[in-house]
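Student: Pasting a structure here, questions to come.
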Amino acid sequence: MNAPKRTVLFDLHQKLGARMTVFAGFEMPVSYSGIIEEHLAVRNSAGIFDLSHMGEFEISGPHALGTIERAFTNSAARLKQGHAQYTIMCAQDGGTIDDLIVYRLGPERYMLCVNASNTDTDREWIAELNGGRAKFEDVSEATALVAVQGPCAVAILATLADFPIANVARFGVAGGLIAGITCIAARTGYTGEDGFELFVDNAGARRLFEAILDAGAGVDAKPVGLGARDTLRLEAGLPLYGHELDRNSSPLEAGLAAFVKLGRPFIGAAALTAQRDRGLKKTLVGLQTDDGRMVARQGYRVFRNGDEAGVVTSGTFAPSIQRPIAMAYLAVAGAKNMPAVGESLEVAIRERKARATIVPRPFYRRDEPPAASAARV
Amino acid sequence: MEIPQGLKYSKEHEWVATEDIVATVGITDHAQDQLGEIVYIELPAVGDKVSKDDPFGVVESVKAVSDIYAPVTGTVIEINEDLPESPETVNEDPYGDGWLIKVKITDLSDLEDLMDADEYAELLAREKE
């Protein structure tokens with residue numbers, strides 16, 4: 001086991017009193033002031049995240065779009081310059097290699113942002129697929145990523161940006177100076193709130209992070225760790241690689257059909273088309289345990305009509321709705337016994353079977369739902 | 001991290017306060033700090049037997065779930081009825097209002113295996129390395 005890597009913001013996390021953990025090979029902040037407090041700061045004001053562990057690739061040239069179209073399930077052909085798109089990378093069998101965002105930065109220039117745990121796998125997979133046609137470069141080590149999320153996020157950034165950042169559309173991308181630091185600013189996120197993800201060179205990351213903290217102090221914006229990042233994404237019903245998505249789960253099984261554009265020749269298209277036509281073997285559902293505050297956690301078994309039918313992929317206590325929530329895969333046989341919202345199940349929590357109900361995802365929704373915007377791109 | 005003198009401590013990070021043959025049991029400041037915000041606590045019923053070093057309950061935080069181990073063998077004579085409604089009390093006052101159960105001790109020699117405050121402080125220092 002190699003010593004964990006550190007992001008360029010490590011010293012700042014220490015200064016801010018963060019509790020650290022190792023995640024995807026990086027020593028990262030779990031929390032600063034407490035998971036619930038940080039979670040609620042993002043829901044009510046704004047939170048600032050160091051996501052510099054995530055991987056960034058640049059792919060450019062006349063063949064860039066061709067490689068992207070072949071590698072990913074969503075169609076980038078209609079992705080306009082200055083816009084971003086959520087997409088999935090599948091293996092031939094339809095299993096998920098990673099989920100990622102594609103940013104179109106120029107006519108023939110794209111950036112990809114991938115999960116930290118998959119950066120090496122993705123780089124090799126895409127490089128092989130690309131076969132040297134497009135210029136393809138892993139810029140993860142030189143790139144820091146700072147996310148600002150929450151209802152006050154855009155207003156805070158507007159005080160620091162030298163461009164009209166509030167005019168950037170959802171899933172839009174703009175370049176400019178924020179607190180004097182050159183940023184690629186994308187109106188994307190992983191919290192169910194409005195906000196931006198800011199890609200910067202390592203050298204400017206600390207100045208940017210501190211400037212945003214200062215600018216947000218008046219509205220109690222807080223630094224937020226990976227603990228609240230997980231509770232926020234779970235409430236928003238968003239999948240996390242290694243939980244809802246992995247090599248044994250397809251994007252269709254994970255409920256991500258909106259991001260799979262079949263009828264194009266991409267890797268995994270044949271397997272996914274067959275899944276669509278013959279019916280899924282499993283499907284992802286949202287769950288709520290009915291009694292108490294017992295949390296159905298990853299790996300707990302799920303029972304349907306008394307029979308073991310699946311497994312919990314993620315579960316937590318949801319701070320915004322004050323109750324436990326979970327996502328689980330349920331085995332299905334084609335379209336006949338698809339689980340429905342309101343259906344009652346059981347989850348094995350320690351020695352007992354706790355009653356649970358299938359509920360709609362997202363579990364939490366802001367008035368103007370970000371999920372709907374995501375589905376449009 | 002607070003480690004009051006006069007209490008006994010287990011290596012599983014429970015504390016014990018004894019009065020005659022009754023042990024009041026809770027989790028230490030270190031344990032609550034490691035768990036983070038506690039959202040759910042499962043306790044035995046009054047009259048249940050607990051066995052030294054066996055789990056008698058569960059404490060669940062936002063990020064994790066952990067067993068709570070009995071530091072002594074005995075019979076539960078009282079449980080903290082306030083905890084189901086306000087489990088965060090264990091975070092706020094682990095040695096006071098956040099106590100978990102009271103146990104009538106079967107064999108007082110169980111207490112000899114527990115640590116005093118200084119020994120527990122040493123254990124924490126070793127675990128930190």
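By order in the structure tokens, chains are A, B, ...; within a chain, residues start at 1; ligands start at 1, following the order shown.
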Neighbours of A:Thr67 within 8 Å (only C-alpha atoms; same-chain residues fewer than 6 positions away dropped), as an mmCIF file with N, CA, C and O atoms, in the first residue's frame?

Tutor:
data_model
loop_
_atom_site.group_PDB
_atom_site.id
_atom_site.type_symbol
_atom_site.label_atom_id
_atom_site.label_comp_id
_atom_site.auth_asym_id
_atom_site.auth_seq_id
_atom_site.Cartn_x
_atom_site.Cartn_y
_atom_site.Cartn_z
ATOM 1 N N ILE A 126 -9.535 4.633 -22.156
ATOM 2 C CA ILE A 126 -9.786 5.641 -23.196
ATOM 3 C C ILE A 126 -8.580 5.734 -24.145
ATOM 4 O O ILE A 126 -8.750 5.853 -25.360
ATOM 5 N N LEU A 129 -8.776 2.906 -26.578
ATOM 6 C CA LEU A 129 -9.857 3.129 -27.525
ATOM 7 C C LEU A 129 -9.522 4.226 -28.535
ATOM 8 O O LEU A 129 -9.868 4.157 -29.706
ATOM 9 N N ASN A 130 -8.835 5.244 -28.037
ATOM 10 C CA ASN A 130 -8.466 6.392 -28.865
ATOM 11 C C ASN A 130 -7.385 6.001 -29.880
ATOM 12 O O ASN A 130 -7.373 6.503 -31.010
ATOM 13 N N ALA A 134 -6.899 11.066 -31.380
ATOM 14 C CA ALA A 134 -7.042 12.410 -30.804
ATOM 15 C C ALA A 134 -5.898 12.633 -29.825
ATOM 16 O O ALA A 134 -5.304 11.679 -29.320
#

Student: Please, which residues in chain A fall within 7 Å of chain B when counting only C-alpha atoms, and what is the closest atom pair and distance in Å to one decimal for each, ordered by chain then residue number, as a tab-separated table?

Tutor:
residue	atom	partner	partner_atom	distance
A:Arg293	CA	B:Tyr40	CA	5.5
A:Met294	CA	B:Tyr40	CA	6.4
A:Thr316	CA	B:Val62	CA	6.0
A:Phe317	CA	B:Val62	CA	5.4

Student: Could you save those same residues with C-alpha atoms as a tab-separated table (two decimals), in the first residue's frame?

Tutor:
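Heads up, here's the output in selection-v9.tsv:
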chain	number	residue	atom	x	y	z
A	293	ARG	CA	-33.93	5.71	12.77
A	294	MET	CA	-32.22	2.43	11.87
A	316	THR	CA	-27.50	6.96	5.44
A	317	PHE	CA	-29.41	9.12	7.84

Student: Using only C-alpha atoms, determine which residues lie at most 10 Å from A:Gly310, disregarding the query and same-chain residues fewer than 5 positions distant; provide the list as number ranges by chain.

Tutor: A: 282-284, 299-304, 328-332, 347

Student: Using only N, CA and C atoms, please write the residues we just selected to a file, as a PDB file, in the first residue's frame.

Tutor:
ATOM      1  N   LYS A 282     -32.024  -6.660 -12.901  1.00  0.00           N
ATOM      2  CA  LYS A 282     -32.153  -5.976 -11.608  1.00  0.00           C
ATOM      3  C   LYS A 282     -32.442  -4.512 -11.860  1.00  0.00           C
ATOM      4  N   THR A 283     -32.963  -3.863 -10.840  1.00  0.00           N
ATOM      5  CA  THR A 283     -33.263  -2.438 -10.986  1.00  0.00           C
ATOM      6  C   THR A 283     -33.042  -1.734  -9.658  1.00  0.00           C
ATOM      7  N   LEU A 284     -32.643  -0.473  -9.761  1.00  0.00           N
ATOM      8  CA  LEU A 284     -32.318   0.301  -8.562  1.00  0.00           C
ATOM      9  C   LEU A 284     -33.570   0.984  -8.016  1.00  0.00           C
ATOM     10  N   GLY A 299     -24.696  -3.257   1.596  1.00  0.00           N
ATOM     11  CA  GLY A 299     -24.450  -4.673   1.821  1.00  0.00           C
ATOM     12  C   GLY A 299     -25.573  -5.378   2.559  1.00  0.00           C
ATOM     13  N   TYR A 300     -26.492  -4.633   3.195  1.00  0.00           N
ATOM     14  CA  TYR A 300     -27.611  -5.270   3.903  1.00  0.00           C
ATOM     15  C   TYR A 300     -28.540  -5.907   2.861  1.00  0.00           C
ATOM     16  N   ARG A 301     -29.089  -7.092   3.218  1.00  0.00           N
ATOM     17  CA  ARG A 301     -29.929  -7.830   2.269  1.00  0.00           C
ATOM     18  C   ARG A 301     -31.373  -7.325   2.292  1.00  0.00           C
ATOM     19  N   VAL A 302     -31.997  -7.367   1.111  1.00  0.00           N
ATOM     20  CA  VAL A 302     -33.375  -6.888   0.974  1.00  0.00           C
ATOM     21  C   VAL A 302     -34.274  -8.064   0.625  1.00  0.00           C
ATOM     22  N   PHE A 303     -35.451  -8.122   1.264  1.00  0.00           N
ATOM     23  CA  PHE A 303     -36.399  -9.213   1.043  1.00  0.00           C
ATOM     24  C   PHE A 303     -37.699  -8.676   0.460  1.00  0.00           C
ATOM     25  N   ARG A 304     -38.225  -9.447  -0.502  1.00  0.00           N
ATOM     26  CA  ARG A 304     -39.468  -9.051  -1.159  1.00  0.00           C
ATOM     27  C   ARG A 304     -40.412 -10.232  -1.039  1.00  0.00           C
ATOM     28  N   ALA A 328     -31.174   0.539  -3.257  1.00  0.00           N
ATOM     29  CA  ALA A 328     -30.930  -0.907  -3.282  1.00  0.00           C
ATOM     30  C   ALA A 328     -31.206  -1.442  -4.674  1.00  0.00           C
ATOM     31  N   TYR A 329     -30.478  -2.484  -5.044  1.00  0.00           N
ATOM     32  CA  TYR A 329     -30.806  -3.228  -6.258  1.00  0.00           C
ATOM     33  C   TYR A 329     -31.775  -4.342  -5.917  1.00  0.00           C
ATOM     34  N   LEU A 330     -32.822  -4.476  -6.738  1.00  0.00           N
ATOM     35  CA  LEU A 330     -33.767  -5.573  -6.590  1.00  0.00           C
ATOM     36  C   LEU A 330     -33.734  -6.417  -7.859  1.00  0.00           C
ATOM     37  N   ALA A 331     -33.670  -7.737  -7.690  1.00  0.00           N
ATOM     38  CA  ALA A 331     -33.734  -8.627  -8.844  1.00  0.00           C
ATOM     39  C   ALA A 331     -35.140  -8.549  -9.435  1.00  0.00           C
ATOM     40  N   VAL A 332     -35.213  -8.508 -10.768  1.00  0.00           N
ATOM     41  CA  VAL A 332     -36.520  -8.501 -11.440  1.00  0.00           C
ATOM     42  C   VAL A 332     -36.453  -9.506 -12.587  1.00  0.00           C
ATOM     43  N   VAL A 347     -35.751  -5.179   5.070  1.00  0.00           N
ATOM     44  CA  VAL A 347     -34.287  -5.127   5.007  1.00  0.00           C
ATOM     45  C   VAL A 347     -33.760  -5.806   6.258  1.00  0.00           C
TER      46      VAL A 347
END

Student: From a DSSP calculation on the backbone, collect every residue of chain B in alpha helix (DSSP H) and output the set as a list in words.

Tutor: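 Here are the alpha helix (DSSP H) residues of chain B: Asp29, His30, Ala31, Gln32, Asp33, Gln34, Leu35, Thr89, Val90, Asn91, Glu92, Ala117, Asp118, Glu119, Tyr120, Ala121, Glu122, Leu123, Leu124, Ala125, Arg126, Glu127 and Lys128 of chain B.
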
Student: Taking only C-alpha atoms into account, which of A:Phe363, A:Leu40, A:Val139, A:Ser31 comes nearest A:Ser52?

Tutor: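 Nearest to A:Ser52: A:Val139.
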
Student: Quick check, in Å to one decimal: how far apart do atom CA of A:Leu160 and atom CA of A:Leu208 lie?

Tutor: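 Distance reported for this atom pair: 9.4 Å.
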
Student: Could you list, as a PDB file with all heavy atoms, in the first residue's frame, every residue within 8 Å of A:Glu193, counting only C-alpha atoms and ignoring same-chain residues fewer than 3 positions away?

Tutor:
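Below is the file that was written, around16.pdb:
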ATOM      1  N   VAL A  42     -25.008  23.484   2.980  1.00  0.00           N
ATOM      2  CA  VAL A  42     -25.181  23.388   1.525  1.00  0.00           C
ATOM      3  C   VAL A  42     -26.660  23.537   1.146  1.00  0.00           C
ATOM      4  O   VAL A  42     -26.990  24.164   0.143  1.00  0.00           O
ATOM      5  CB  VAL A  42     -24.610  22.056   0.993  1.00  0.00           C
ATOM      6  CG1 VAL A  42     -24.932  21.871  -0.483  1.00  0.00           C
ATOM      7  CG2 VAL A  42     -23.108  21.997   1.222  1.00  0.00           C
ATOM      8  N   ARG A  43     -27.554  22.988   1.945  1.00  0.00           N
ATOM      9  CA  ARG A  43     -28.984  23.106   1.637  1.00  0.00           C
ATOM     10  C   ARG A  43     -29.498  24.531   1.866  1.00  0.00           C
ATOM     11  O   ARG A  43     -30.397  24.988   1.168  1.00  0.00           O
ATOM     12  CB  ARG A  43     -29.801  22.141   2.519  1.00  0.00           C
ATOM     13  CG  ARG A  43     -29.590  20.665   2.190  1.00  0.00           C
ATOM     14  CD  ARG A  43     -30.434  20.209   1.011  1.00  0.00           C
ATOM     15  NE  ARG A  43     -30.229  18.797   0.694  1.00  0.00           N
ATOM     16  CZ  ARG A  43     -29.564  18.366  -0.375  1.00  0.00           C
ATOM     17  NH1 ARG A  43     -29.057  19.213  -1.237  1.00  0.00           N
ATOM     18  NH2 ARG A  43     -29.418  17.078  -0.591  1.00  0.00           N
ATOM     19  N   GLN A 149     -21.458  24.907  -3.738  1.00  0.00           N
ATOM     20  CA  GLN A 149     -22.799  24.382  -3.949  1.00  0.00           C
ATOM     21  C   GLN A 149     -23.757  24.933  -2.891  1.00  0.00           C
ATOM     22  O   GLN A 149     -23.383  25.060  -1.724  1.00  0.00           O
ATOM     23  CB  GLN A 149     -22.767  22.845  -3.832  1.00  0.00           C
ATOM     24  CG  GLN A 149     -21.833  22.173  -4.837  1.00  0.00           C
ATOM     25  CD  GLN A 149     -22.483  21.952  -6.183  1.00  0.00           C
ATOM     26  OE1 GLN A 149     -23.499  21.277  -6.279  1.00  0.00           O
ATOM     27  NE2 GLN A 149     -21.914  22.525  -7.222  1.00  0.00           N
ATOM     28  N   GLY A 150     -24.981  25.204  -3.327  1.00  0.00           N
ATOM     29  CA  GLY A 150     -25.982  25.685  -2.372  1.00  0.00           C
ATOM     30  C   GLY A 150     -26.684  26.901  -2.925  1.00  0.00           C
ATOM     31  O   GLY A 150     -26.215  27.517  -3.896  1.00  0.00           O
ATOM     32  N   PRO A 151     -27.817  27.288  -2.304  1.00  0.00           N
ATOM     33  CA  PRO A 151     -28.611  28.410  -2.831  1.00  0.00           C
ATOM     34  C   PRO A 151     -27.853  29.734  -2.877  1.00  0.00           C
ATOM     35  O   PRO A 151     -28.202  30.600  -3.678  1.00  0.00           O
ATOM     36  CB  PRO A 151     -29.819  28.476  -1.877  1.00  0.00           C
ATOM     37  CG  PRO A 151     -29.470  27.640  -0.703  1.00  0.00           C
ATOM     38  CD  PRO A 151     -28.468  26.634  -1.160  1.00  0.00           C
ATOM     39  N   GLY A 189     -22.745  19.848 -10.428  1.00  0.00           N
ATOM     40  CA  GLY A 189     -22.555  19.512  -9.019  1.00  0.00           C
ATOM     41  C   GLY A 189     -23.099  18.144  -8.689  1.00  0.00           C
ATOM     42  O   GLY A 189     -23.572  17.416  -9.580  1.00  0.00           O
ATOM     43  N   TYR A 190     -23.030  17.821  -7.408  1.00  0.00           N
ATOM     44  CA  TYR A 190     -23.340  16.453  -6.976  1.00  0.00           C
ATOM     45  C   TYR A 190     -24.091  16.510  -5.650  1.00  0.00           C
ATOM     46  O   TYR A 190     -23.902  15.670  -4.777  1.00  0.00           O
ATOM     47  CB  TYR A 190     -22.003  15.714  -6.832  1.00  0.00           C
ATOM     48  CG  TYR A 190     -22.048  14.226  -6.692  1.00  0.00           C
ATOM     49  CD1 TYR A 190     -22.774  13.423  -7.557  1.00  0.00           C
ATOM     50  CD2 TYR A 190     -21.312  13.603  -5.685  1.00  0.00           C
ATOM     51  CE1 TYR A 190     -22.771  12.047  -7.428  1.00  0.00           C
ATOM     52  CE2 TYR A 190     -21.300  12.226  -5.552  1.00  0.00           C
ATOM     53  CZ  TYR A 190     -22.030  11.457  -6.432  1.00  0.00           C
ATOM     54  OH  TYR A 190     -22.020  10.086  -6.300  1.00  0.00           O
ATOM     55  N   ARG A 366     -35.137  20.287  -4.360  1.00  0.00           N
ATOM     56  CA  ARG A 366     -35.326  21.729  -4.236  1.00  0.00           C
ATOM     57  C   ARG A 366     -36.490  22.126  -5.153  1.00  0.00           C
ATOM     58  O   ARG A 366     -36.854  21.372  -6.051  1.00  0.00           O
ATOM     59  CB  ARG A 366     -34.034  22.431  -4.662  1.00  0.00           C
ATOM     60  CG  ARG A 366     -34.069  23.931  -4.512  1.00  0.00           C
ATOM     61  CD  ARG A 366     -32.692  24.523  -4.370  1.00  0.00           C
ATOM     62  NE  ARG A 366     -32.198  24.359  -3.008  1.00  0.00           N
ATOM     63  CZ  ARG A 366     -32.622  25.088  -1.971  1.00  0.00           C
ATOM     64  NH1 ARG A 366     -33.538  26.027  -2.135  1.00  0.00           N
ATOM     65  NH2 ARG A 366     -32.149  24.891  -0.773  1.00  0.00           N
ATOM     66  N   PRO A 370     -32.902  20.301  -9.840  1.00  0.00           N
ATOM     67  CA  PRO A 370     -31.708  20.190 -10.665  1.00  0.00           C
ATOM     68  C   PRO A 370     -31.739  18.922 -11.527  1.00  0.00           C
ATOM     69  O   PRO A 370     -31.200  18.906 -12.610  1.00  0.00           O
ATOM     70  CB  PRO A 370     -30.561  20.089  -9.652  1.00  0.00           C
ATOM     71  CG  PRO A 370     -31.157  20.483  -8.341  1.00  0.00           C
ATOM     72  CD  PRO A 370     -32.621  20.226  -8.428  1.00  0.00           C
TER      73      PRO A 370
END

Student: Quote the spacing between atom CA of A:Ala269 and atom CA of A:Ala24 in Å to one decimal place.

Tutor: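 Computing it gives 28.8 Å between the two atoms.
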
Student: Applying 7 Å and only C-alpha atoms, which residues near A:Lys261 remain after dropping the ones on its own chain fewer than 5 positions away? List them as a PyMOL selection string.

Tutor: chain A and resi 73-75

Student: Write out as JSON, numbers by chain the set of residues from stretch 14-71 of chain B that DSSP, computed on the backbone, places in strand (DSSP E).

Tutor: {"B": [14, 15, 16, 17, 18, 19, 22, 23, 24, 25, 26, 27, 38, 39, 40, 41, 42, 49, 50, 55, 56, 57, 58, 59, 60, 61, 65, 66, 67, 68, 69]}

Student: Those residues with N, CA and C atoms, as a JSON list (two decimals), in the first residue's frame please?

Tutor:
[["chain", "number", "residue", "atom", "x", "y", "z"],
["B", 14, "GLU", "N", -15.99, 1.98, 26.34],
["B", 14, "GLU", "CA", -17.13, 2.25, 27.23],
["B", 14, "GLU", "C", -16.57, 2.71, 28.58],
["B", 15, "TRP", "N", -17.38, 3.50, 29.29],
["B", 15, "TRP", "CA", -17.00, 3.85, 30.66],
["B", 15, "TRP", "C", -18.00, 3.23, 31.63],
["B", 16, "VAL", "N", -17.54, 3.03, 32.87],
["B", 16, "VAL", "CA", -18.37, 2.44, 33.91],
["B", 16, "VAL", "C", -18.22, 3.29, 35.17],
["B", 17, "ALA", "N", -19.35, 3.67, 35.76],
["B", 17, "ALA", "CA", -19.33, 4.30, 37.08],
["B", 17, "ALA", "C", -20.03, 3.33, 38.02],
["B", 18, "THR", "N", -19.39, 2.98, 39.12],
["B", 18, "THR", "CA", -20.02, 2.01, 40.02],
["B", 18, "THR", "C", -20.49, 2.66, 41.30],
["B", 19, "GLU", "N", -21.63, 2.18, 41.73],
["B", 19, "GLU", "CA", -22.15, 2.58, 43.04],
["B", 19, "GLU", "C", -22.68, 1.29, 43.66],
["B", 22, "VAL", "N", -24.15, -1.58, 41.42],
["B", 22, "VAL", "CA", -24.78, -1.09, 40.19],
["B", 22, "VAL", "C", -23.74, -0.33, 39.34],
["B", 23, "ALA", "N", -23.65, -0.72, 38.06],
["B", 23, "ALA", "CA", -22.73, -0.06, 37.14],
["B", 23, "ALA", "C", -23.54, 0.77, 36.16],
["B", 24, "THR", "N", -23.20, 2.07, 36.06],
["B", 24, "THR", "CA", -23.76, 2.89, 34.98],
["B", 24, "THR", "C", -22.76, 2.85, 33.84],
["B", 25, "VAL", "N", -23.29, 2.59, 32.61],
["B", 25, "VAL", "CA", -22.42, 2.37, 31.46],
["B", 25, "VAL", "C", -22.73, 3.39, 30.37],
["B", 26, "GLY", "N", -21.67, 3.91, 29.76],
["B", 26, "GLY", "CA", -21.83, 4.80, 28.61],
["B", 26, "GLY", "C", -20.66, 4.63, 27.66],
["B", 27, "ILE", "N", -20.63, 5.45, 26.61],
["B", 27, "ILE", "CA", -19.46, 5.42, 25.73],
["B", 27, "ILE", "C", -18.62, 6.66, 26.00],
["B", 38, "ILE", "N", -24.51, 11.18, 16.31],
["B", 38, "ILE", "CA", -25.28, 9.96, 16.57],
["B", 38, "ILE", "C", -26.76, 10.21, 16.27],
["B", 39, "VAL", "N", -27.36, 9.30, 15.51],
["B", 39, "VAL", "CA", -28.74, 9.50, 15.08],
["B", 39, "VAL", "C", -29.68, 8.40, 15.59],
["B", 40, "TYR", "N", -29.12, 7.32, 16.13],
["B", 40, "TYR", "CA", -29.97, 6.21, 16.56],
["B", 40, "TYR", "C", -29.22, 5.36, 17.57],
["B", 41, "ILE", "N", -29.92, 4.95, 18.63],
["B", 41, "ILE", "CA", -29.30, 4.08, 19.64],
["B", 41, "ILE", "C", -30.26, 2.95, 19.96],
["B", 42, "GLU", "N", -29.75, 1.74, 19.93],
["B", 42, "GLU", "CA", -30.55, 0.56, 20.26],
["B", 42, "GLU", "C", -30.06, 0.03, 21.59],
["B", 49, "LYS", "N", -30.27, -9.77, 30.32],
["B", 49, "LYS", "CA", -28.91, -10.04, 30.80],
["B", 49, "LYS", "C", -27.90, -9.51, 29.79],
["B", 50, "VAL", "N", -26.82, -8.95, 30.29],
["B", 50, "VAL", "CA", -25.71, -8.59, 29.39],
["B", 50, "VAL", "C", -24.48, -9.34, 29.87],
["B", 55, "PRO", "N", -21.75, -7.71, 22.71],
["B", 55, "PRO", "CA", -22.51, -6.51, 22.37],
["B", 55, "PRO", "C", -23.87, -6.49, 23.10],
["B", 56, "PHE", "N", -24.25, -5.33, 23.61],
["B", 56, "PHE", "CA", -25.58, -5.22, 24.24],
["B", 56, "PHE", "C", -26.44, -4.19, 23.52],
["B", 57, "GLY", "N", -25.86, -3.48, 22.59],
["B", 57, "GLY", "CA", -26.63, -2.46, 21.90],
["B", 57, "GLY", "C", -25.87, -1.96, 20.69],
["B", 58, "VAL", "N", -26.50, -0.99, 20.02],
["B", 58, "VAL", "CA", -25.93, -0.47, 18.78],
["B", 58, "VAL", "C", -26.04, 1.04, 18.80],
["B", 59, "VAL", "N", -25.00, 1.68, 18.34],
["B", 59, "VAL", "CA", -25.07, 3.13, 18.21],
["B", 59, "VAL", "C", -24.77, 3.46, 16.75],
["B", 60, "GLU", "N", -25.64, 4.29, 16.19],
["B", 60, "GLU", "CA", -25.56, 4.56, 14.77],
["B", 60, "GLU", "C", -25.34, 6.05, 14.56],
["B", 61, "SER", "N", -24.32, 6.38, 13.79],
["B", 61, "SER", "CA", -24.09, 7.79, 13.45],
["B", 61, "SER", "C", -24.40, 7.97, 11.98],
["B", 65, "VAL", "N", -22.13, 2.47, 11.82],
["B", 65, "VAL", "CA", -22.87, 1.79, 12.88],
["B", 65, "VAL", "C", -21.88, 0.97, 13.68],
["B", 66, "SER", "N", -22.01, 0.99, 15.02],
["B", 66, "SER", "CA", -21.07, 0.26, 15.88],
["B", 66, "SER", "C", -21.82, -0.46, 16.98],
["B", 67, "ASP", "N", -21.30, -1.63, 17.35],
["B", 67, "ASP", "CA", -21.82, -2.33, 18.52],
["B", 67, "ASP", "C", -21.31, -1.63, 19.78],
["B", 68, "ILE", "N", -22.10, -1.76, 20.85],
["B", 68, "ILE", "CA", -21.64, -1.33, 22.17],
["B", 68, "ILE", "C", -21.46, -2.60, 23.00],
["B", 69, "TYR", "N", -20.30, -2.73, 23.63],
["B", 69, "TYR", "CA", -19.97, -3.96, 24.36],
["B", 69, "TYR", "C", -20.16, -3.76, 25.85]]

Student: Pick the closest to B:Asn80 from B:Ser109, B:Ile3, B:Leu43, B:Lys52: which is it, counting only C-alpha atoms?

Tutor: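 Counting only C-alpha atoms, the residue closest to B:Asn80 is B:Leu43.
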
Student: Set the distance at 10 Å and use only C-alpha atoms: which residues neighbour B:Asp20 once local chain neighbours fewer than 4 positions away are removed? I'd like the list as a ChimeraX atom specification.

Tutor: /B:104-105,108

Student: Could you please take those selected residues and save C-alpha atoms as a tab-separated table (two decimals), in the first residue's frame?

Tutor:
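Resulting contents of again-v1.tsv:
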chain	number	residue	atom	x	y	z
B	104	LYS	CA	-26.69	-4.96	38.47
B	105	ILE	CA	-23.23	-6.55	38.42
B	108	LEU	CA	-17.59	-7.54	41.03

Student: Would you pick out the contacts of A:Glu58 at 8 Å or less, using only C-alpha atoms, so that residues sharing its chain but fewer than 4 positions from it are not included, and give the list as a list in words?

Tutor: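 The filter keeps Arg109, Tyr110, Met111, Leu112, Lys135, Phe136, Glu137, Asp138 and Val139 of chain A.
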
Student: What does the structure give for the distance between atom CA of B:Asp33 and atom CA of A:Ser33, in Å to one decimal?

Tutor: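 Atom-to-atom, atom CA of B:Asp33 to atom CA of A:Ser33, that is 11.7 Å.
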